[in-house]
Each structure stands twice: as structure tokens, then as C-alpha cells.
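Have a look at the structure below before the remarks.
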Amino acid sequence: MPNDDITPSRQQYLEIKRDYPNTILFFRLGDFYETFDEDAEITARELDIVLTSRPIGKGVRVPLAGIPYHAVENYLARLIEKGYHVAICEQVGDTPVKGLFPRKVVRVVTPGTVIEPGLLPGDSNNYLASVIQDEKTASVSYADITTGEFAVTELPLEALRAELTRLHPAEILIPDNQKLNDGFQGHFTSYPAWKFEPGKCEETLLTHFKSSTLEGFGIKGHNLSIRSAGVILQYLKETQPDSLTLLASLRSYSINEFMTLDASTRRNLELDETLRGERKGSLLGTLDHTVTPMGKRLMHQWISQPLLNVDRIKRRQEGVQHFFDNGMKRAEIRSALKPLADLERLVNRVMAGQAQPRDLVAMRDTLSRLPRIIEIAGDGTFLPRLTSANEELALLQSAIDDDPPSTLQNTGIIRAGYSQELDSVIDASKHARDWIANLESVEREKTGIKTLKVGYNKVFGYYIEISRGAADKAPENYIRKQTLVNAERFITPEMKEYETLVLNAEERIREIELRLFKEVCAVLSKSAFSLLKTARALAELDVLSALAETAALGGYTRPEVHEGSGLDIREGRHPVVEQSLRGERYIPNDVVFEKGEIVRVITGPNMSGKSTYLRQTALIVLMAQIGSFVPAESASIGLVDRIFTRIGAQDEIHAGQSTFMVEMIEAANILHHATSRSLLILDEIGRGTSTYDGLSIAWGMIEYIHNHPQLRAKTLFATHYHELTQLAELLPGVRNYNVAVSEADGKVVFLHKIIPGGADRSYGIHVAQLAGLPAPVIQRANEIMVELEKTSGRAVKIDPHAAQQALLFPESSPLLDELKAVDVNSLSPIEALNKLFEWQKKYTNK
């Protein structure tokens, strides 16, 4: 019911705000977006702007914070970055109803539904994701409304974090009765659980795609996929309804199509950002020589999803080879691609009705360059197929002016000669404009009044102004309109007729141009999917030529990727470290797993190059499977299904987990999920606990990896525990390697070369000396080391027979049988202790 105590605009605001309770409402009033009440307090605080107040009737005032409409993008960006949702409420129509313009929310801006170019990352996608899960399985769907990408998958719960890490969505929709307990950090939006109901989601999908079945999308009968994908469409209908036209297809994919890379592996290998959060110094920062925004996004996707299909890998390699072999063609294609605008996002802005005149100019310029790019690329069967967009280009060339205004608020958008209707209005007004432009000189000559001027303002329109001293000389047909301190202002009937012609023409021109612009966009929208296909082909050309450029600059070679299990890398180098050396020579290393080799134990001190050696092996394998050339003299790589890494010690204190606990969780994840086709990179396992604990755990892990019939994965195991070198004598698949060291005149030089054999000693004290520890500390450490070696021997010796006799998978154990038979809940503390004492005596002879 209306409240008579408040103003009509306040009533209108409250009615609209009721539908957007958890959203900041930007309410358009004139040239400002106003926020009220709690929204105003949040806006003022977060944007650091002045909080004022506004009367709403009968002496009542409410908090108010406003921002200029022309600066809204900057303020929006800051609120969205902080995780807020913002509803944009605009005035609709030009005619007030009962003195009040109608208003409605035209869209809700959330982190995953941003379309403003200034708010979007140019080099990566802006994904809106949806997650639904049951006891064992989860479904993830995601959409980028700026590129039209829409996909869905189902995956085991333990793989959920890795997939979300790969996608890095800007916003994740989850049911309001569920939580993701996987430690993933992101912007979560709780969405009513009933909207995830299977029947509703299926109906939403069928209606959107105008289909009678979901079979063609590959998700028929997959309830979780239907629910997660259906929710994306429902959410967009509420927040960005215009964007729904962009999602013309749904791709169902399996994570088994790509190498799985969990969150810790992505972090440890620094795939798209360094441990400090910077792109420079990551693998992406090293490989990415792309020159277009579409190419940058695709490069990011390729690095995040190495392929598991040898034919697809070889097809990409052929494309890279094509540009690698022909430096002139590579330079030409990169030069031709560089000026291109972001065609993918331009097309989607056109389809969403958000395009501005200069967006079409950018599209026209990009389409005009296609024939040259097609000519340079040639007909290689391994290159993406490109077609020119002649009809769309012709339309843009004939319709849009060479230099249109930046927004639709001004005229001059449509090119002369495109519309007879528009040209006739412009011609008619031109005569009137010329008449008004010449009026001042004509009237001065006619009246002889030298102080006569013609002016214009919004209140009176055009007027003739004469100084007070000469006002009595005004002709009889001049009609006095305004008296100023020093002048009089007049109008004439003829001048008002021409003024009407000019002003009416302005409005008429604006209406016609806006209509014609929308018609051009509608025609372009019909070609949207062929234009998007062209944009994606351009992106692929960009990535292939960029990888060729990287290979040429870095001296990379084409690896052989095959279905076998071998790993043979000759003279391999770390792509990122090598680039950072700035002229110094990088010491290359081989990684050649001989027949029967499973685990390579690598010993040597810190700073000697062990970790770099481990990482470069993983990165070379990953690069090979995205289709890139690799930094090596040669490489033959059997397809790897997963790369696992346990490197470094990042405490997760926020999750209440110590360094050692994190290390053990990641190690457990590796042992549970690795296969015989996996590559394991393990660095300093067990160092987070006592020496004997750590050594025992490391020893046990190597035995498990080596002996488990379903595991036996290729493993690089770097360690400080020299005792582990004994395993090479016990297990046929273990080999020892160490970092070569040169000693002369008491000085130690690490040669960064990995050679066969175990290290004969540790150089930790030498590393401490290099780090600058005070001389007394170094001297005392050497003295203590000598004493320790005298009293305890240099290394712990493991009984090889005990290791050989231990059964890895005992079929039965009397102790285990007795333990299973005990009812723990019925035991008193003293009975439990007695039981333990009895077992210790019985089974350990103590």
C-alpha cells in the first residue's frame, strides 16, 4: 500500500528495492546514480565518497550517496572487486506518469556477469560457475557471457578443487544449503536450493535451447550436470537477461580429456602466476608471446589443460612447426594480428545490445584485415580455417561513420548516403543551421548596430542581444524577450521558425540514427556465430605463431609425444629460469629413464639445482602435451596422465594445518590418485618432522611407489636423506643421482649437473657459509659435525633384510585380526593399556 507520508520517488525506490534485498541498488536520478539507506552507507564507506541525506517527506531524511552516471564504471569496478552485487535501475520511457518517470532494473552486475570492457581481464576469461554435489560426485558448469562459452562436467569430489583452480571463476553459485569444504578460495554466491531442483533445471535448459531433449548435449540422465547448467541460465535470466542469447550451445566435457593438475601442482610449477602472485616469472609469462586478447585467453586455456590425445597434440605441433620453419611468415602473421580488436567480446557486446558506435568501428577495422591474414596463413590443413566476413564488413563500411561519437547520446553515428530518410532530415536542417549561422552578420548589416550578437541558451533558445545603449535602434519586428543589466535580448518570428527546424531536426536525427544503429546490430547478430568462429580461429593462429616465436627465441625443439611409457629428455632446460639468467649460460641436464627405472633418488644440498631439475622435467612434459616445443636438445615423452608435485613448504595456518600436515595430505593425495602413467615430482618429503620420522616416511613412500602393482609411476625424488641411496641396492627400479660438486682449496662449487650415483656427503655448512652466516657459527658447526660423525657414524644404516622380508600387502595379520575383534567402546582406559602391553609382549618379544 502507498504511504502518504513519503514522496512518490521514495515509494518507487522502496518498491524496486524490495525485489533486490541483498544487492546495492543504483537508482538513476538525472545525471546521478543515487543509493539510499544501508546501501548508501556501504557505498560511501567502500568508495570513500561523501555520505549525505535526502528528505523523503514530513521532516524525515534518509542517508544518501550518489555517483555521476558518466563515472559509473570506475565505481562499479571497485564494488564488484570487493564482492558486492549492484542492481542498475534506469529511467525507462520519455513520458512521466503522474509526474514520475517509470524506472526498472535493467541488469544486476555481479563478479561473474560483468560485461564492461574496463572491468574485464583482457588476458583471461571471466567465468560464472555453478557447483552442485552429492556424496561422491560433483558437477561444475561455467559460462563466460563475454565470449559465449558454456560448458558442464561431472567429476569425483576429490577432483573438484583442481577443476575450480583451473577455471578460476570470478563467481561461483552454490545451493544455500551446501558448502564447499575443499579449501577453495573464491567469490561464492548462495543461491536458493530449490532453484537447483532437477525438473526446474531441465525445463530451463530445454526452453532456452528450444529443444525437446537433452540427449544431443550429452547430459541426458546426468542429473547433477542438468542442475548445475540449468542454474547458470536461471541466474543470468535474473541478472543479465540480454546475455542469454550468447549462450547458443552447451558443451559437455570430461576431465579425462585433459591432464589433471591439482591446485598444489599448479602452484608449485607456477603455471600462470608465481608464488608471489605475479604473472612475470610464471610459465604463462614465459610462453605467452600472443598479440591479441583472444590469443592471450586461449594460451591461458592451453597451459591449464594439457592434452591426453596424441593426434591432437601432433596437430598443434604441426601448426607451431609451420610458423617455426618460416620466420618471415611468422613475422608477417604476428604483424597482421597485432592491430586486431577483441572480436570475440565485440560480437557478444553487439548481441547483448551493449555495443557503442566505436565498438562497430573496431569490428569493421578487424574484419577489414581478415583477407590479408588469410593470405599469409595459407592453406595448411593443420591450421584453423579462416573465412572473410565480406557481407558484415560491407554493412559496417556503408553504415557507420569513419569517426562516430563514443556514445549513442550524440549524433554523427551513421555515414552519409546510407539512409535516404536520415540524409533528407540532415539536408533540411542544414539550410536552417546555415541561416542561423549567418544571422548575426546579416542583422548587423541590416540594422547598422555593431554590438548586435546572436546567442543561444537552453531556456530561451536562440536570441538576438543588443547593448543597452543601442537597444532603442532595434527594428519593429524585434520582440523584446529579456532585459539584462547592460543589454536587451530579442527574438523574431522568422528566427523562431528556423530554431524549431534545427531543434526538431536534432531530435529526429538522433531517433533515426539510434534506430539504424540497432538495425545494423541486429543484422550483425545473425552472423554472430560465424564471427565467433572466426574470432576463435584468429586466437588459435595467434597462439600457434606465438609458440613458434617462443621456440625460435629460446632455441626449443619439437618433442616426440607417443603412447608409450618412456621419458627421454636430452639437455633439458628450465624455460623460466633460463630466460631470467640474462646472458649467463644455463647448465642443461638429461632425464633419461632407462628400461625398468621407476624412482630416481636425487641427493645434494640446497642451492645445487635439485628443485630446478625437478621442476624443469615437469614443465617440459607439460609443454610437450599442450603442443609446444620444449627447451631441450631432444625429447621423447610417453603420454603422462597427471603430474603430481610435492615441493616447498607452504603452511596453511588459516586452515589450522601445520607445514608437516599439509605435506602429508598432499603426499597422501598423490599415493591415492597416481597411476603408472603419472609423473611424480617429490622434493624433500619428510623434512617437516624429526630426522628419523622423516627418513622413515620417505623410505616407505619410495617402497610403496616402486612395489604397488597399480602405481610404479615415474618418480623424481629429491632428498637430503643420504640413507635413501641404500634403496638402489634393494629395489631394482630405483636409481641414485646426485648434483656434481667441485672442491678446490677448501671451496665448494656446485656444478648444477645431475650425475649418476649418490652424494658421498652433505654440503649444508658450505651453503650456510655462502648465505653469509657469521664465521664463528660456521667454525662451531664444523666442530660439532666432526664430533657427531665420530659418535654416531655418518649415516643411519637400514637393515636390507628387514626391508626385503616386509610384506607390502599382507593377506592377514594376527594382530590386525585381534584388533578388529576388540570392542573399543566397552574398554576402560586401564583395560586398553593392559591390552596394548599384552600385544607388545606377544608380537615384539619385549
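Each chain of the C-alpha cells is named A, B, ... in the order shown, its residues numbered from 1; ligands are numbered from 1 in display order.
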
Excluding stretch 305-322 of chain A and residues on its chain fewer than 6 positions from it, collect all residues at most 9 Å away from it, counting only C-alpha atoms, and give them as a PyMOL selection string. chain A and resi 166+256-261+329-330+380-384+541+543-549+551+558-563+622-629+639-641

Report the residues of stretch 11-155 of chain A whose backbone DSSP state falls under helix (DSSP H, G or I), written as a PyMOL selection string. chain A and resi 11-17+37-47+69-81+117-119

Set the distance at 10 Å and use only C-alpha atoms: which residues neighbour stretch 230-242 of chain A once local chain neighbours fewer than 4 positions away are removed? I'd like the list as a PyMOL selection string. chain A and resi 85-88+105-110+112-115+128-132+141-143+145+150+172-175+191-193+195-206+208+224-226+246-247+349+351-354

I need the residues from that last selection saved to file as an mmCIF file, in the first residue's frame (with C-alpha atoms), if you can.
```cif
data_model
loop_
_atom_site.group_PDB
_atom_site.id
_atom_site.type_symbol
_atom_site.label_atom_id
_atom_site.label_comp_id
_atom_site.auth_asym_id
_atom_site.auth_seq_id
_atom_site.Cartn_x
_atom_site.Cartn_y
_atom_site.Cartn_z
ATOM 1 C CA HIS A 85 26.320 -7.175 -6.315
ATOM 2 C CA VAL A 86 24.930 -3.995 -7.881
ATOM 3 C CA ALA A 87 21.495 -3.537 -9.490
ATOM 4 C CA ILE A 88 21.382 -0.810 -12.154
ATOM 5 C CA VAL A 105 16.330 -2.604 -13.007
ATOM 6 C CA VAL A 106 17.917 -3.319 -16.380
ATOM 7 C CA ARG A 107 20.644 -5.625 -15.054
ATOM 8 C CA VAL A 108 22.396 -6.819 -11.922
ATOM 9 C CA VAL A 109 26.188 -6.654 -12.063
ATOM 10 C CA THR A 110 27.992 -9.418 -10.176
ATOM 11 C CA GLY A 112 30.657 -13.324 -12.898
ATOM 12 C CA THR A 113 28.311 -11.219 -15.063
ATOM 13 C CA VAL A 114 30.463 -8.173 -15.809
ATOM 14 C CA ILE A 115 30.442 -7.016 -19.458
ATOM 15 C CA LEU A 128 30.481 -17.590 -13.843
ATOM 16 C CA ALA A 129 30.467 -21.115 -12.397
ATOM 17 C CA SER A 130 27.891 -23.286 -10.686
ATOM 18 C CA VAL A 131 28.640 -26.260 -8.412
ATOM 19 C CA ILE A 132 26.327 -28.989 -7.133
ATOM 20 C CA SER A 141 29.206 -25.781 -15.170
ATOM 21 C CA TYR A 142 30.636 -22.467 -16.292
ATOM 22 C CA ALA A 143 29.865 -19.675 -18.738
ATOM 23 C CA ILE A 145 28.979 -14.212 -21.186
ATOM 24 C CA PHE A 150 29.123 -22.547 -21.855
ATOM 25 C CA ILE A 172 30.600 -19.498 -8.024
ATOM 26 C CA LEU A 173 26.928 -20.294 -7.473
ATOM 27 C CA ILE A 174 26.236 -22.882 -4.765
ATOM 28 C CA PRO A 175 22.956 -24.012 -3.139
ATOM 29 C CA TYR A 191 21.507 -19.345 -4.474
ATOM 30 C CA PRO A 192 18.164 -20.803 -3.323
ATOM 31 C CA ALA A 193 18.438 -24.589 -3.193
ATOM 32 C CA LYS A 195 16.390 -23.441 -7.996
ATOM 33 C CA PHE A 196 18.773 -26.425 -8.289
ATOM 34 C CA GLU A 197 15.783 -28.815 -8.448
ATOM 35 C CA PRO A 198 16.295 -31.229 -11.409
ATOM 36 C CA GLY A 199 12.866 -30.755 -13.024
ATOM 37 C CA LYS A 200 13.112 -26.965 -12.982
ATOM 38 C CA CYS A 201 16.664 -27.004 -14.346
ATOM 39 C CA GLU A 202 15.809 -29.424 -17.147
ATOM 40 C CA GLU A 203 12.827 -27.285 -18.169
ATOM 41 C CA THR A 204 15.064 -24.179 -18.132
ATOM 42 C CA LEU A 205 17.607 -25.847 -20.435
ATOM 43 C CA LEU A 206 15.004 -27.230 -22.857
ATOM 44 C CA HIS A 208 16.477 -21.938 -23.599
ATOM 45 C CA LEU A 224 23.976 -33.185 -11.486
ATOM 46 C CA SER A 225 25.008 -31.746 -14.877
ATOM 47 C CA ILE A 226 21.422 -30.721 -15.638
ATOM 48 C CA LEU A 246 25.017 -15.507 -26.409
ATOM 49 C CA LEU A 247 24.847 -18.994 -24.897
ATOM 50 C CA ARG A 349 28.537 -6.885 -26.881
ATOM 51 C CA MET A 351 24.417 -9.491 -29.353
ATOM 52 C CA ALA A 352 23.762 -8.291 -25.815
ATOM 53 C CA GLY A 353 22.674 -4.842 -27.026
ATOM 54 C CA GLN A 354 25.573 -3.199 -25.199
#
```

Residue list (strand (DSSP E), DSSP) for stretch 699-747 of chain A, as a list in words: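 Selection result, strand (DSSP E) within stretch 699-747 of chain A: Lys714, Thr715, Leu716, Phe717, Ala718, Thr719, Val734, Arg735, Asn736, Tyr737, Asn738, Val739, Ala740, Val741, Ser742, Glu743, Ala744 and Lys747 of chain A.
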
For those residues, write C-alpha atoms to a file as a compact mmCIF listing (two decimals), in the first residue's frame.
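The resulting file, result06.txt, is reproduced below:
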```txt
# COMPACT_ATOMS: atom_id res chain seq x y z
CA LYS A 714 57.97 -42.43 -12.98
CA THR A 715 59.23 -40.54 -9.93
CA LEU A 716 61.91 -37.92 -9.30
CA PHE A 717 62.59 -37.97 -5.55
CA ALA A 718 64.95 -35.25 -4.28
CA THR A 719 66.13 -35.66 -0.71
CA VAL A 734 65.45 -47.34 -8.00
CA ARG A 735 68.43 -45.35 -9.34
CA ASN A 736 70.67 -42.89 -7.50
CA TYR A 737 71.67 -39.50 -8.90
CA ASN A 738 73.37 -36.53 -7.30
CA VAL A 739 74.45 -32.98 -8.04
CA ALA A 740 78.06 -32.72 -9.18
CA VAL A 741 80.29 -30.72 -6.87
CA SER A 742 83.80 -29.37 -7.37
CA GLU A 743 86.07 -28.87 -4.35
CA ALA A 744 89.33 -26.96 -4.57
CA LYS A 747 85.96 -24.03 -1.59
```

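Of the residues listed (A:Glu440, A:Asp31, A:Asp342, A:Glu158), A:Glu158 shows the shortest atom-to-atom separation from A:Ser139; distances use only C-alpha atoms.
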
Quick one: residues within 8 Å of A:Arg334, only C-alpha atoms counted, chain neighbours fewer than 2 positions away excluded, as a PyMOL selection string? chain A and resi 291+330-332+336-338+542+545-546

Store the residues picked out above in a file with C-alpha atoms, as a PDB file, in the first residue's frame.
```pdb
ATOM      1  CA  VAL A 291      49.460 -10.295 -29.675  1.00  0.00           C
ATOM      2  CA  ARG A 330      55.676 -15.815 -38.654  1.00  0.00           C
ATOM      3  CA  ALA A 331      56.659 -12.144 -38.515  1.00  0.00           C
ATOM      4  CA  GLU A 332      54.016 -11.244 -41.122  1.00  0.00           C
ATOM      5  CA  ALA A 336      48.849  -8.652 -39.177  1.00  0.00           C
ATOM      6  CA  LEU A 337      47.243  -9.988 -35.976  1.00  0.00           C
ATOM      7  CA  LYS A 338      48.588  -7.300 -33.646  1.00  0.00           C
ATOM      8  CA  ASP A 542      47.880 -16.241 -32.607  1.00  0.00           C
ATOM      9  CA  SER A 545      52.568 -18.389 -34.078  1.00  0.00           C
ATOM     10  CA  ALA A 546      53.358 -17.219 -30.520  1.00  0.00           C
TER      11      ALA A 546
END
```

Between A:Gly221, A:Pro405, A:Pro575, A:Pro605, which one has atoms that come closest to A:Ala632, using only C-alpha atoms? A:Pro575
